[in-house]
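Source file: work-v7.pdb (PDB, C-alpha atoms)
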ATOM      1  CA  MET A  29     -18.360 -12.641   5.020
ATOM      2  CA  SER A  30     -14.818 -13.482   6.098
ATOM      3  CA  PRO A  31     -13.711 -12.312   9.545
ATOM      4  CA  GLU A  32     -11.595  -9.179   9.844
ATOM      5  CA  PRO A  33      -7.871 -10.018   9.562
ATOM      6  CA  LEU A  34      -5.689  -9.829  12.650
ATOM      7  CA  ILE A  35      -3.584  -7.069  11.124
ATOM      8  CA  ARG A  36      -5.700  -4.914   8.842
ATOM      9  CA  ASN A  37      -2.968  -2.605   7.585
ATOM     10  CA  ILE A  38       0.523  -1.331   8.329
ATOM     11  CA  SER A  39      -0.805   1.046  11.006
ATOM     12  CA  ASP A  40      -1.961  -1.904  13.119
ATOM     13  CA  THR A  41       1.685  -2.885  13.644
ATOM     14  CA  ALA A  42       1.997   0.305  15.728
ATOM     15  CA  LEU A  43      -0.612  -1.081  18.164
ATOM     16  CA  TRP A  44       1.381  -4.271  18.452
ATOM     17  CA  VAL A  45       4.669  -2.436  19.130
ATOM     18  CA  ALA A  46       2.916  -0.232  21.700
ATOM     19  CA  MET A  47       2.012  -3.411  23.599
ATOM     20  CA  TYR A  48       5.694  -4.294  23.876
ATOM     21  CA  ARG A  49       6.376  -0.834  25.300
ATOM     22  CA  ALA A  50       3.497  -1.241  27.742
ATOM     23  CA  TRP A  51       4.892  -4.528  29.036
ATOM     24  CA  GLU A  52       8.328  -3.051  29.560
ATOM     25  CA  SER A  53       6.921   0.093  31.196
ATOM     26  CA  GLU A  54       4.937  -1.959  33.688
ATOM     27  CA  ARG A  55       8.002  -3.827  34.973
ATOM     28  CA  PRO A  56       9.427  -2.549  38.276
ATOM     29  CA  ASP A  57      12.887  -2.475  36.647
ATOM     30  CA  ALA A  58      11.740  -0.881  33.366
ATOM     31  CA  VAL A  59      14.555   0.600  31.291
ATOM     32  CA  PHE A  60      12.132   3.138  29.844
ATOM     33  CA  ARG A  61       8.668   4.169  30.882
ATOM     34  CA  ASP A  62       5.971   4.931  28.372
ATOM     35  CA  PRO A  63       2.888   5.806  30.436
ATOM     36  CA  TYR A  64       0.785   6.089  27.279
ATOM     37  CA  ALA A  65       1.688   2.761  25.671
ATOM     38  CA  ARG A  66      -1.110   0.594  27.039
ATOM     39  CA  ARG A  67      -3.760   3.192  26.209
ATOM     40  CA  LEU A  68      -2.351   3.522  22.697
ATOM     41  CA  ALA A  69      -2.164  -0.245  22.145
ATOM     42  CA  GLY A  70      -5.788  -0.582  23.218
ATOM     43  CA  GLN A  71      -7.776  -3.762  23.031
ATOM     44  CA  ARG A  72      -6.718  -4.452  19.469
ATOM     45  CA  GLY A  73      -3.029  -4.317  20.424
ATOM     46  CA  GLU A  74      -3.707  -6.871  23.160
ATOM     47  CA  GLU A  75      -5.611  -9.095  20.730
ATOM     48  CA  ILE A  76      -2.810  -9.012  18.166
ATOM     49  CA  MET A  77      -0.253  -9.891  20.812
ATOM     50  CA  SER A  78      -2.298 -12.699  22.311
ATOM     51  CA  THR A  79      -2.741 -14.293  18.888
ATOM     52  CA  MET A  80       0.865 -14.046  17.687
ATOM     53  CA  LYS A  81       2.568 -16.381  20.147
ATOM     54  CA  ALA A  82       5.970 -16.197  18.463
ATOM     55  CA  ALA A  83       5.889 -12.410  18.687
ATOM     56  CA  ARG A  84       5.424 -12.622  22.445
ATOM     57  CA  ARG A  85       8.676 -14.533  22.846
ATOM     58  CA  HIS A  86      10.639 -11.731  21.204
ATOM     59  CA  ALA A  87       9.620  -8.951  23.602
ATOM     60  CA  TRP A  88      13.256  -8.507  24.627
ATOM     61  CA  SER A  89      14.218  -7.424  21.116
ATOM     62  CA  TYR A  90      11.594  -4.640  21.130
ATOM     63  CA  THR A  91      12.759  -3.455  24.547
ATOM     64  CA  ALA A  92      16.317  -3.372  23.204
ATOM     65  CA  ARG A  93      15.215  -1.594  20.045
ATOM     66  CA  THR A  94      13.354   1.143  21.938
ATOM     67  CA  TYR A  95      16.250   1.489  24.381
ATOM     68  CA  ASN A  96      18.774   1.848  21.546
ATOM     69  CA  PHE A  97      16.702   4.460  19.686
ATOM     70  CA  ASP A  98      16.205   6.386  22.935
ATOM     71  CA  SER A  99      19.969   6.328  23.492
ATOM     72  CA  PHE A 100      20.802   7.562  19.985
ATOM     73  CA  VAL A 101      18.234  10.373  20.235
ATOM     74  CA  LYS A 102      19.558  11.491  23.612
ATOM     75  CA  GLU A 103      23.180  11.389  22.457
ATOM     76  CA  GLU A 104      22.486  13.331  19.255
ATOM     77  CA  VAL A 105      20.443  15.961  21.080
ATOM     78  CA  ASP A 106      23.302  16.294  23.578
ATOM     79  CA  ARG A 107      25.652  16.802  20.579
ATOM     80  CA  GLY A 108      23.541  19.712  19.401
ATOM     81  CA  ALA A 109      20.742  18.387  17.202
ATOM     82  CA  ASP A 110      17.940  20.964  17.144
ATOM     83  CA  MET A 111      15.429  18.760  15.316
ATOM     84  CA  VAL A 112      14.347  15.115  15.386
ATOM     85  CA  ILE A 113      12.497  13.870  12.310
ATOM     86  CA  ASP A 114      10.537  10.766  13.210
ATOM     87  CA  LEU A 115       9.701   8.937   9.966
ATOM     88  CA  ALA A 116       6.611   6.706  10.086
ATOM     89  CA  ALA A 117       6.353   7.723  13.735
ATOM     90  CA  GLY A 118       3.443   5.413  14.407
ATOM     91  CA  LEU A 119       2.453   5.614  18.058
ATOM     92  CA  ASP A 120       5.882   6.791  19.220
ATOM     93  CA  THR A 121       5.663   8.931  22.354
ATOM     94  CA  ARG A 122       9.277  10.031  22.758
ATOM     95  CA  ALA A 123       8.271  13.686  22.420
ATOM     96  CA  TYR A 124       6.069  13.182  25.482
ATOM     97  CA  ARG A 125       8.069  10.796  27.614
ATOM     98  CA  MET A 126      11.780  11.578  27.128
ATOM     99  CA  PRO A 127      13.643  14.312  29.021
ATOM    100  CA  LEU A 128      14.280  16.565  26.008
ATOM    101  CA  PRO A 129      15.101  20.292  25.832
ATOM    102  CA  SER A 130      12.008  22.459  25.389
ATOM    103  CA  SER A 131      13.715  24.190  22.437
ATOM    104  CA  LEU A 132      14.022  20.938  20.461
ATOM    105  CA  ARG A 133      11.705  20.517  17.461
ATOM    106  CA  TRP A 134      10.219  17.040  17.197
ATOM    107  CA  ILE A 135       8.634  16.342  13.824
ATOM    108  CA  GLU A 136       6.480  13.266  13.345
ATOM    109  CA  ILE A 137       5.649  12.105   9.828
ATOM    110  CA  ASP A 138       3.023   9.436   9.217
ATOM    111  CA  LEU A 139      -0.327   8.660   7.624
ATOM    112  CA  PRO A 140      -3.268  10.887   8.635
ATOM    113  CA  PRO A 141      -5.489   8.162  10.221
ATOM    114  CA  LEU A 142      -2.697   7.230  12.609
ATOM    115  CA  PHE A 143      -2.355  10.802  13.795
ATOM    116  CA  GLN A 144      -6.111  11.041  14.285
ATOM    117  CA  TYR A 145      -6.104   7.936  16.477
ATOM    118  CA  LYS A 146      -3.092   9.121  18.458
ATOM    119  CA  GLU A 147      -4.565  12.570  19.019
ATOM    120  CA  GLN A 148      -7.741  11.012  20.360
ATOM    121  CA  ILE A 149      -5.799   8.884  22.884
ATOM    122  CA  LEU A 150      -3.267  11.537  23.924
ATOM    123  CA  LYS A 151      -5.816  14.355  24.166
ATOM    124  CA  GLY A 152      -4.845  16.557  27.110
ATOM    125  CA  GLU A 153      -1.217  15.319  27.250
ATOM    126  CA  ARG A 154       1.588  17.745  26.518
ATOM    127  CA  PRO A 155       4.816  17.095  24.597
ATOM    128  CA  VAL A 156       7.969  18.217  26.417
ATOM    129  CA  CYS A 157       9.365  20.012  23.348
ATOM    130  CA  LYS A 158       8.162  21.793  20.223
ATOM    131  CA  PHE A 159       6.027  19.218  18.511
ATOM    132  CA  GLU A 160       4.648  18.999  15.021
ATOM    133  CA  GLN A 161       2.896  16.304  13.026
ATOM    134  CA  ILE A 162       3.095  16.191   9.251
ATOM    135  CA  PRO A 163       0.515  13.900   7.631
ATOM    136  CA  LEU A 164       2.294  12.387   4.665
ATOM    137  CA  ASP A 165       2.621   9.130   2.777
ATOM    138  CA  LEU A 166       6.395   8.656   2.638
ATOM    139  CA  ALA A 167       5.956   6.539  -0.488
ATOM    140  CA  ASP A 168       5.076   9.774  -2.331
ATOM    141  CA  ALA A 169       8.612  10.789  -3.292
ATOM    142  CA  SER A 170       7.714  14.206  -4.644
ATOM    143  CA  ALA A 171       5.692  15.179  -1.559
ATOM    144  CA  ARG A 172       8.342  13.939   0.855
ATOM    145  CA  ARG A 173      11.104  15.881  -0.932
ATOM    146  CA  LYS A 174       9.075  19.071  -0.493
ATOM    147  CA  VAL A 175       8.612  18.351   3.212
ATOM    148  CA  PHE A 176      12.309  17.530   3.675
ATOM    149  CA  GLU A 177      13.282  20.769   1.921
ATOM    150  CA  GLN A 178      11.012  22.796   4.227
ATOM    151  CA  LEU A 179      12.403  21.086   7.305
ATOM    152  CA  GLY A 180      15.966  21.461   6.030
ATOM    153  CA  ARG A 181      15.522  25.214   5.795
ATOM    154  CA  SER A 182      14.590  25.521   9.467
ATOM    155  CA  SER A 183      17.218  23.326  11.139
ATOM    156  CA  LYS A 184      20.947  23.575  11.707
ATOM    157  CA  ARG A 185      21.422  19.941  12.645
ATOM    158  CA  ALA A 186      18.790  17.210  12.541
ATOM    159  CA  ILE A 187      18.686  13.540  13.371
ATOM    160  CA  ILE A 188      16.324  11.289  11.434
ATOM    161  CA  ILE A 189      14.850   8.226  13.102
ATOM    162  CA  SER A 190      13.078   5.408  11.263
ATOM    163  CA  GLU A 191      12.060   2.719  13.711
ATOM    164  CA  GLY A 192      10.426  -0.365  12.224
ATOM    165  CA  LEU A 193      10.005   1.286   8.822
ATOM    166  CA  LEU A 194      12.700   0.128   6.415
ATOM    167  CA  ILE A 195      11.944  -3.580   6.784
ATOM    168  CA  TYR A 196       8.694  -2.979   4.848
ATOM    169  CA  LEU A 197      10.475  -1.318   1.919
ATOM    170  CA  SER A 198      12.430  -2.697  -1.035
ATOM    171  CA  ALA A 199      16.157  -1.958  -1.302
ATOM    172  CA  ASP A 200      15.474   0.556  -4.085
ATOM    173  CA  GLU A 201      12.855   2.343  -1.985
ATOM    174  CA  VAL A 202      15.227   2.513   0.998
ATOM    175  CA  CYS A 203      18.011   3.925  -1.130
ATOM    176  CA  ALA A 204      15.728   6.513  -2.752
ATOM    177  CA  LEU A 205      14.571   7.616   0.707
ATOM    178  CA  GLY A 206      18.196   7.732   1.890
ATOM    179  CA  ARG A 207      19.208   9.950  -1.028
ATOM    180  CA  ASP A 208      16.295  12.316  -0.428
ATOM    181  CA  LEU A 209      17.336  12.641   3.209
ATOM    182  CA  ALA A 210      21.010  13.096   2.338
ATOM    183  CA  ALA A 211      20.129  15.960  -0.025
ATOM    184  CA  GLN A 212      19.299  18.202   2.935
ATOM    185  CA  PRO A 213      22.509  19.662   4.455
ATOM    186  CA  PRO A 214      21.216  19.833   8.066
ATOM    187  CA  PHE A 215      20.166  16.181   8.023
ATOM    188  CA  GLN A 216      23.409  14.858   9.494
ATOM    189  CA  ARG A 217      22.518  11.639  11.283
ATOM    190  CA  TRP A 218      20.034   8.832  10.718
ATOM    191  CA  ALA A 219      19.206   6.063  13.189
ATOM    192  CA  THR A 220      17.459   2.985  11.848
ATOM    193  CA  ASP A 221      16.998  -0.673  12.708
ATOM    194  CA  LEU A 222      18.340  -3.426  10.505
ATOM    195  CA  VAL A 223      18.091  -7.222  10.432
ATOM    196  CA  SER A 224      20.267  -9.802   8.703
ATOM    197  CA  PRO A 225      18.899 -11.864   5.785
ATOM    198  CA  ARG A 226      18.811 -14.938   8.057
ATOM    199  CA  LEU A 227      16.803 -13.090  10.683
ATOM    200  CA  LEU A 228      14.468 -11.713   8.029
ATOM    201  CA  THR A 229      13.745 -15.262   6.822
ATOM    202  CA  MET A 230      12.934 -16.299  10.382
ATOM    203  CA  LEU A 231      10.641 -13.296  10.900
ATOM    204  CA  GLN A 232       8.876 -13.978   7.591
ATOM    205  CA  ARG A 233       8.163 -17.526   8.747
ATOM    206  CA  GLN A 234       7.003 -16.561  12.227
ATOM    207  CA  VAL A 235       5.091 -13.315  11.779
ATOM    208  CA  GLY A 236       5.279 -12.581   8.062
ATOM    209  CA  THR A 237       1.985 -14.083   6.889
ATOM    210  CA  PRO A 238      -0.482 -11.705   8.609
ATOM    211  CA  LEU A 239       1.728  -8.780   7.636
ATOM    212  CA  ALA A 240       1.857  -9.886   4.000
ATOM    213  CA  GLN A 241      -1.922 -10.404   4.005
ATOM    214  CA  ALA A 242      -2.270  -6.810   5.202
ATOM    215  CA  GLY A 243      -0.234  -5.670   2.203
ATOM    216  CA  SER A 244       2.947  -5.065   4.202
ATOM    217  CA  PRO A 245       5.333  -7.956   3.604
ATOM    218  CA  LEU A 246       8.690  -7.939   5.369
ATOM    219  CA  LYS A 247      11.301  -7.209   2.696
ATOM    220  CA  PHE A 248      14.412  -5.250   3.529
ATOM    221  CA  SER A 249      17.583  -6.932   4.646
ATOM    222  CA  PRO A 250      20.600  -6.075   2.519
ATOM    223  CA  GLU A 251      23.193  -8.787   1.898
ATOM    224  CA  LYS A 252      25.854  -6.099   2.266
ATOM    225  CA  GLY A 253      24.634  -5.287   5.779
ATOM    226  CA  PRO A 254      25.194  -1.713   7.027
ATOM    227  CA  ALA A 255      27.535  -1.021   4.063
ATOM    228  CA  PHE A 256      24.396  -0.962   1.886
ATOM    229  CA  PHE A 257      23.762   2.636   2.926
ATOM    230  CA  GLU A 258      27.052   3.855   1.397
ATOM    231  CA  SER A 259      25.455   3.733  -2.047
ATOM    232  CA  CYS A 260      22.651   5.981  -0.772
ATOM    233  CA  GLY A 261      24.769   8.740   0.788
ATOM    234  CA  TRP A 262      25.291   7.430   4.333
ATOM    235  CA  LYS A 263      27.944   5.583   6.296
ATOM    236  CA  THR A 264      27.521   3.573   9.482
ATOM    237  CA  ILE A 265      29.282   5.021  12.525
ATOM    238  CA  ASP A 266      27.696   3.016  15.334
ATOM    239  CA  VAL A 267      25.977  -0.346  15.652
ATOM    240  CA  ARG A 268      24.094  -1.522  18.714
ATOM    241  CA  SER A 269      23.063  -5.145  18.725
ATOM    242  CA  MET A 270      19.596  -6.052  20.022
ATOM    243  CA  LEU A 271      20.974  -9.203  21.624
ATOM    244  CA  GLN A 272      23.816  -7.491  23.412
ATOM    245  CA  THR A 273      21.644  -4.586  24.510
ATOM    246  CA  ALA A 274      19.024  -6.998  25.837
ATOM    247  CA  ALA A 275      21.767  -8.799  27.777
ATOM    248  CA  LYS A 276      23.013  -5.492  29.173
ATOM    249  CA  VAL A 277      19.565  -4.550  30.472
ATOM    250  CA  ASN A 278      18.922  -8.088  31.709
ATOM    251  CA  ARG A 279      16.035  -9.125  29.469
ATOM    252  CA  LEU A 280      17.373 -12.472  28.252
ATOM    253  CA  SER A 281      17.033 -16.064  29.382
ATOM    254  CA  TRP A 282      20.295 -17.562  30.641
ATOM    255  CA  LEU A 283      20.886 -19.361  27.350
ATOM    256  CA  PHE A 284      20.598 -16.196  25.272
ATOM    257  CA  ARG A 285      22.748 -14.374  27.825
ATOM    258  CA  LEU A 286      25.375 -16.976  27.089
ATOM    259  CA  PHE A 287      25.141 -16.344  23.334
ATOM    260  CA  ALA A 288      25.245 -12.603  23.886
ATOM    261  CA  ARG A 289      28.765 -13.046  25.255
ATOM    262  CA  PHE A 290      29.932 -13.729  21.704
ATOM    263  CA  PRO A 291      29.933 -11.002  19.068
ATOM    264  CA  ASP A 292      27.084 -10.934  16.573
ATOM    265  CA  THR A 293      28.559  -7.686  15.329
ATOM    266  CA  GLN A 294      32.207  -6.878  14.902
ATOM    267  CA  GLY A 295      32.967  -3.346  15.960
ATOM    268  CA  THR A 296      31.156  -0.305  14.683
ATOM    269  CA  ASN A 297      31.504  -1.208  11.026
ATOM    270  CA  PRO A 298      30.540  -4.878  10.735
ATOM    271  CA  LYS A 299      29.964  -6.613   7.416
ATOM    272  CA  GLN A 300      26.673  -7.923   8.699
ATOM    273  CA  ILE A 301      24.611  -7.610  11.853
ATOM    274  CA  TRP A 302      22.076 -10.043  13.221
ATOM    275  CA  GLY A 303      19.625  -7.479  14.445
ATOM    276  CA  GLY A 304      20.352  -4.029  15.770
ATOM    277  CA  VAL A 305      20.008  -0.288  15.551
ATOM    278  CA  ILE A 306      22.599   1.533  13.487
ATOM    279  CA  LEU A 307      23.573   5.181  13.445
ATOM    280  CA  LEU A 308      24.410   6.604  10.024
ATOM    281  CA  ASP A 309      26.391   9.728   9.315
ATOM    282  CA  LYS A 310      26.083  11.542   6.030
ATOM    283  CA  LEU A 311      28.897  10.725   3.608
ATOM    284  CA  GLY A 312      31.200  13.670   3.089
ATOM    285  CA  SER A 313      30.102  15.468   6.252
TER     286      SER A 313
ATOM    287  CA  MET B  21      17.445 -25.768  29.642
ATOM    288  CA  PRO B  22      19.309 -27.584  26.862
ATOM    289  CA  ARG B  23      20.587 -31.046  27.621
ATOM    290  CA  THR B  24      23.261 -30.981  24.959
ATOM    291  CA  LEU B  25      24.777 -27.997  23.238
ATOM    292  CA  LEU B  26      28.035 -27.650  21.369
ATOM    293  CA  LEU B  27      29.353 -24.235  20.440
ATOM    294  CA  GLY B  28      32.652 -23.852  18.597
ATOM    295  CA  LEU B  29      34.246 -20.459  18.138
ATOM    296  CA  HIS B  30      36.619 -18.835  15.676
ATOM    297  CA  ALA B  31      39.701 -17.050  17.016
ATOM    298  CA  ASP B  32      37.763 -13.744  17.067
ATOM    299  CA  ARG B  33      35.080 -15.385  19.261
ATOM    300  CA  THR B  34      32.447 -15.458  16.513
ATOM    301  CA  PRO B  35      30.661 -18.823  16.245
ATOM    302  CA  ALA B  36      32.082 -21.457  13.909
ATOM    303  CA  ARG B  37      29.687 -24.285  14.747
ATOM    304  CA  LEU B  38      26.561 -24.728  16.791
ATOM    305  CA  ARG B  39      25.003 -28.123  17.344
ATOM    306  CA  MET B  40      22.080 -28.877  19.551
ATOM    307  CA  HIS B  41      20.530 -32.172  20.563
ATOM    308  CA  SER B  42      16.971 -32.737  19.367
ATOM    309  CA  LYS B  43      15.826 -33.175  22.966
ATOM    310  CA  ALA B  44      17.207 -29.828  24.077
ATOM    311  CA  ARG B  45      14.560 -28.056  26.124
ATOM    312  CA  LEU B  46      14.091 -25.127  23.818
ATOM    313  CA  SER B  47      11.020 -23.915  21.933
ATOM    314  CA  ASP B  48      10.950 -23.899  18.156
ATOM    315  CA  ALA B  49      10.853 -20.074  18.214
ATOM    316  CA  ASP B  50      14.077 -19.958  20.240
ATOM    317  CA  ARG B  51      15.674 -22.617  18.027
ATOM    318  CA  ALA B  52      14.890 -20.506  14.961
ATOM    319  CA  LEU B  53      16.359 -17.452  16.663
ATOM    320  CA  LEU B  54      19.565 -19.264  17.547
ATOM    321  CA  ARG B  55      19.880 -20.651  14.036
ATOM    322  CA  ALA B  56      19.523 -17.166  12.551
ATOM    323  CA  TRP B  57      22.055 -15.809  15.056
ATOM    324  CA  ALA B  58      24.645 -18.511  14.357
ATOM    325  CA  GLU B  59      24.288 -18.331  10.579
ATOM    326  CA  THR B  60      24.456 -14.537  10.534
ATOM    327  CA  SER B  61      27.487 -14.613  12.784
ATOM    328  CA  GLY B  62      29.360 -16.773  10.300
ATOM    329  CA  ALA B  63      28.946 -20.309  11.645
ATOM    330  CA  SER B  64      29.160 -22.817   8.823
ATOM    331  CA  ASP B  65      28.197 -25.893  10.802
ATOM    332  CA  VAL B  66      24.771 -25.316  12.359
ATOM    333  CA  VAL B  67      22.644 -28.273  13.416
ATOM    334  CA  ILE B  68      19.534 -27.361  15.379
ATOM    335  CA  PRO B  69      16.749 -29.911  14.854
ATOM    336  CA  SER B  70      13.119 -29.016  15.456
ATOM    337  CA  ALA B  71      11.693 -29.763  18.885
ATOM    338  CA  PRO B  72      10.311 -33.337  19.090
TER     339      PRO B  72
END
Can I see the file as structure tokens?
Amino acid sequence: MSPEPLIRNISDTALWVAMYRAWESERPDAVFRDPYARRLAGQRGEEIMSTMKAARRHAWSYTARTYNFDSFVKEEVDRGADMVIDLAAGLDTRAYRMPLPSSLRWIEIDLPPLFQYKEQILKGERPVCKFEQIPLDLADASARRKVFEQLGRSSKRAIIISEGLLIYLSADEVCALGRDLAAQPPFQRWATDLVSPRLLTMLQRQVGTPLAQAGSPLKFSPEKGPAFFESCGWKTIDVRSMLQTAAKVNRLSWLFRLFARFPDTQGTNPKQIWGGVILLDKLGS
Amino acid sequence: MPRTLLLGLHADRTPARLRMHSKARLSDADRALLRAWAETSGASDVVIPSAP
């Protein structure tokens, strides 16, 4: 019998990402603190991280990614969002760890086994806002449209977040998801991470094999860059580079700090970005 | 720490060329990252050999 693969399925990537959050949280100068991350990552998260050496070297990019998503969520809630829809939420703990208004509705959508695992680990912990989990396979377009319609009826202004999700989808799947989101009038903003085709190639070489073996190959990186989303009902209004964010929060070696002094994005509407988190606004809103 | 590094910039400060000596003290993972950064940023002349 062959040994169990390092990454068994897409849900195991959540354990791996939780390890990055644990490392950051345990630093004395942490830029965010996730007190649940190490528990959520568990032994398997540690094993994945210890085996994927290249992944370990890129911890700064995950710190920057989490920091950028946190910032977009905070800013949109301050602007009046009454709902956050967390697509493929994984082991995200923002509803527990961020200073959010108690009236905010935080909706997590993900596969049922992931929620079961999370519930077991976070048993006894309390979210800071109104919290709901919707077990759903987002690949089921008909089921997701029904869920989006229900959520759309009970919000005035929602922000969608998809952290570490789109890279596993094809361009057509991303656009179909984007159109389904755009169809709901209250869904005004969407924050997502994006990598350039060059960066995708590098990631495929370094960490792509175990992911592909688990049935989750890395795929999405549009040649058009952020402009890709314009054909799916969204336009980019803000871009935050991982490299420049990591430099700002002092997580880079001196050499990468040097490179961060030069733009890898040009303004808020660049033709291409190296790696970053973008904020989309619905076209026509 | 790299021993030899050449970075040329366009007028808008985006990279035009990035050349690194093969003996630069940089891991292959970091070399790959820099290559992806330079090529995404528009550099047309990127020479970053693998670590010896």
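Minimum atom-to-atom distance to A:Ile301, evaluated using only C-alpha atoms, belongs to A:Leu228 out of A:Cys260, A:Ile188, A:Leu228, A:Ala240.
Here atom CA of A:Glu201 stands at a distance of 28.0 Å from atom CA of A:Glu103.
Of note, atom CA of A:Ile195 and atom CA of A:Gln216 are spaced 21.9 Å apart.
Evaluated against the shown file, the PyMOL selection byres ((chain B and resi 61) around 9) gives Pro291, Asp292, Thr293, Gln300, Ile301 and Trp302 of chain A; Thr34, Pro35, Ala36, Ala56, Trp57, Ala58, Glu59, Thr60, Gly62 and Ala63 of chain B.
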Query - chain A contacts to chain B at 10 Å (only C-alpha atoms) as a VMD selection string - result: chain A and resid 81 to 83 85 to 86 223 to 231 233 to 234 271 281 to 284 287 to 294 299 to 303
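For the set B:Lys43, B:Leu26, B:Ala31, B:Leu38, the residue with the smallest atom-to-atom gap to B:Asp65 is B:Leu38, counting all atoms listed in the file.
Once the PyMOL selection byres ((chain A and resi 217) around 8) is applied to the shown structure, the selection contains Ala186, Ile187, Ile188, Phe215, Gln216, Trp218, Ala219, Leu307, Leu308, Asp309 and Lys310 of chain A.
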Residues as selected, C-alpha atoms, written as a JSON list (two decimals), in the frame of the given file, can you do that?
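File written: selection-v3.json
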[["chain", "number", "residue", "atom", "x", "y", "z"],
["A", 186, "ALA", "CA", 18.79, 17.21, 12.54],
["A", 187, "ILE", "CA", 18.69, 13.54, 13.37],
["A", 188, "ILE", "CA", 16.32, 11.29, 11.43],
["A", 215, "PHE", "CA", 20.17, 16.18, 8.02],
["A", 216, "GLN", "CA", 23.41, 14.86, 9.49],
["A", 218, "TRP", "CA", 20.03, 8.83, 10.72],
["A", 219, "ALA", "CA", 19.21, 6.06, 13.19],
["A", 307, "LEU", "CA", 23.57, 5.18, 13.44],
["A", 308, "LEU", "CA", 24.41, 6.60, 10.02],
["A", 309, "ASP", "CA", 26.39, 9.73, 9.32],
["A", 310, "LYS", "CA", 26.08, 11.54, 6.03]]
Would you list the contacts of A:Gly180 as an mmCIF file with C-alpha atoms, in the coordinates of the input, taking every protein, DNA or RNA residue within 12 Å and counting all atoms listed in the file, but skipping same-chain residues closer than 4 positions in sequence?
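What landed in result37.cif:
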data_model
loop_
_atom_site.group_PDB
_atom_site.id
_atom_site.type_symbol
_atom_site.label_atom_id
_atom_site.label_comp_id
_atom_site.auth_asym_id
_atom_site.auth_seq_id
_atom_site.Cartn_x
_atom_site.Cartn_y
_atom_site.Cartn_z
ATOM 1 C CA ASP A 110 17.940 20.964 17.144
ATOM 2 C CA MET A 111 15.429 18.760 15.316
ATOM 3 C CA VAL A 112 14.347 15.115 15.386
ATOM 4 C CA ILE A 113 12.497 13.870 12.310
ATOM 5 C CA ILE A 135 8.634 16.342 13.824
ATOM 6 C CA ARG A 172 8.342 13.939 0.855
ATOM 7 C CA ARG A 173 11.104 15.881 -0.932
ATOM 8 C CA LYS A 174 9.075 19.071 -0.493
ATOM 9 C CA VAL A 175 8.612 18.351 3.212
ATOM 10 C CA PHE A 176 12.309 17.530 3.675
ATOM 11 C CA LYS A 184 20.947 23.575 11.707
ATOM 12 C CA ARG A 185 21.422 19.941 12.645
ATOM 13 C CA ALA A 186 18.790 17.210 12.541
ATOM 14 C CA ILE A 187 18.686 13.540 13.371
ATOM 15 C CA ILE A 188 16.324 11.289 11.434
ATOM 16 C CA ASP A 208 16.295 12.316 -0.428
ATOM 17 C CA LEU A 209 17.336 12.641 3.209
ATOM 18 C CA ALA A 210 21.010 13.096 2.338
ATOM 19 C CA ALA A 211 20.129 15.960 -0.025
ATOM 20 C CA GLN A 212 19.299 18.202 2.935
ATOM 21 C CA PRO A 213 22.509 19.662 4.455
ATOM 22 C CA PRO A 214 21.216 19.833 8.066
ATOM 23 C CA PHE A 215 20.166 16.181 8.023
ATOM 24 C CA GLN A 216 23.409 14.858 9.494
#
Query raised in the report: atom CA of A:Ser183 to atom CA of A:Lys102: how many Å, to one decimal?
Result: 17.4 Å
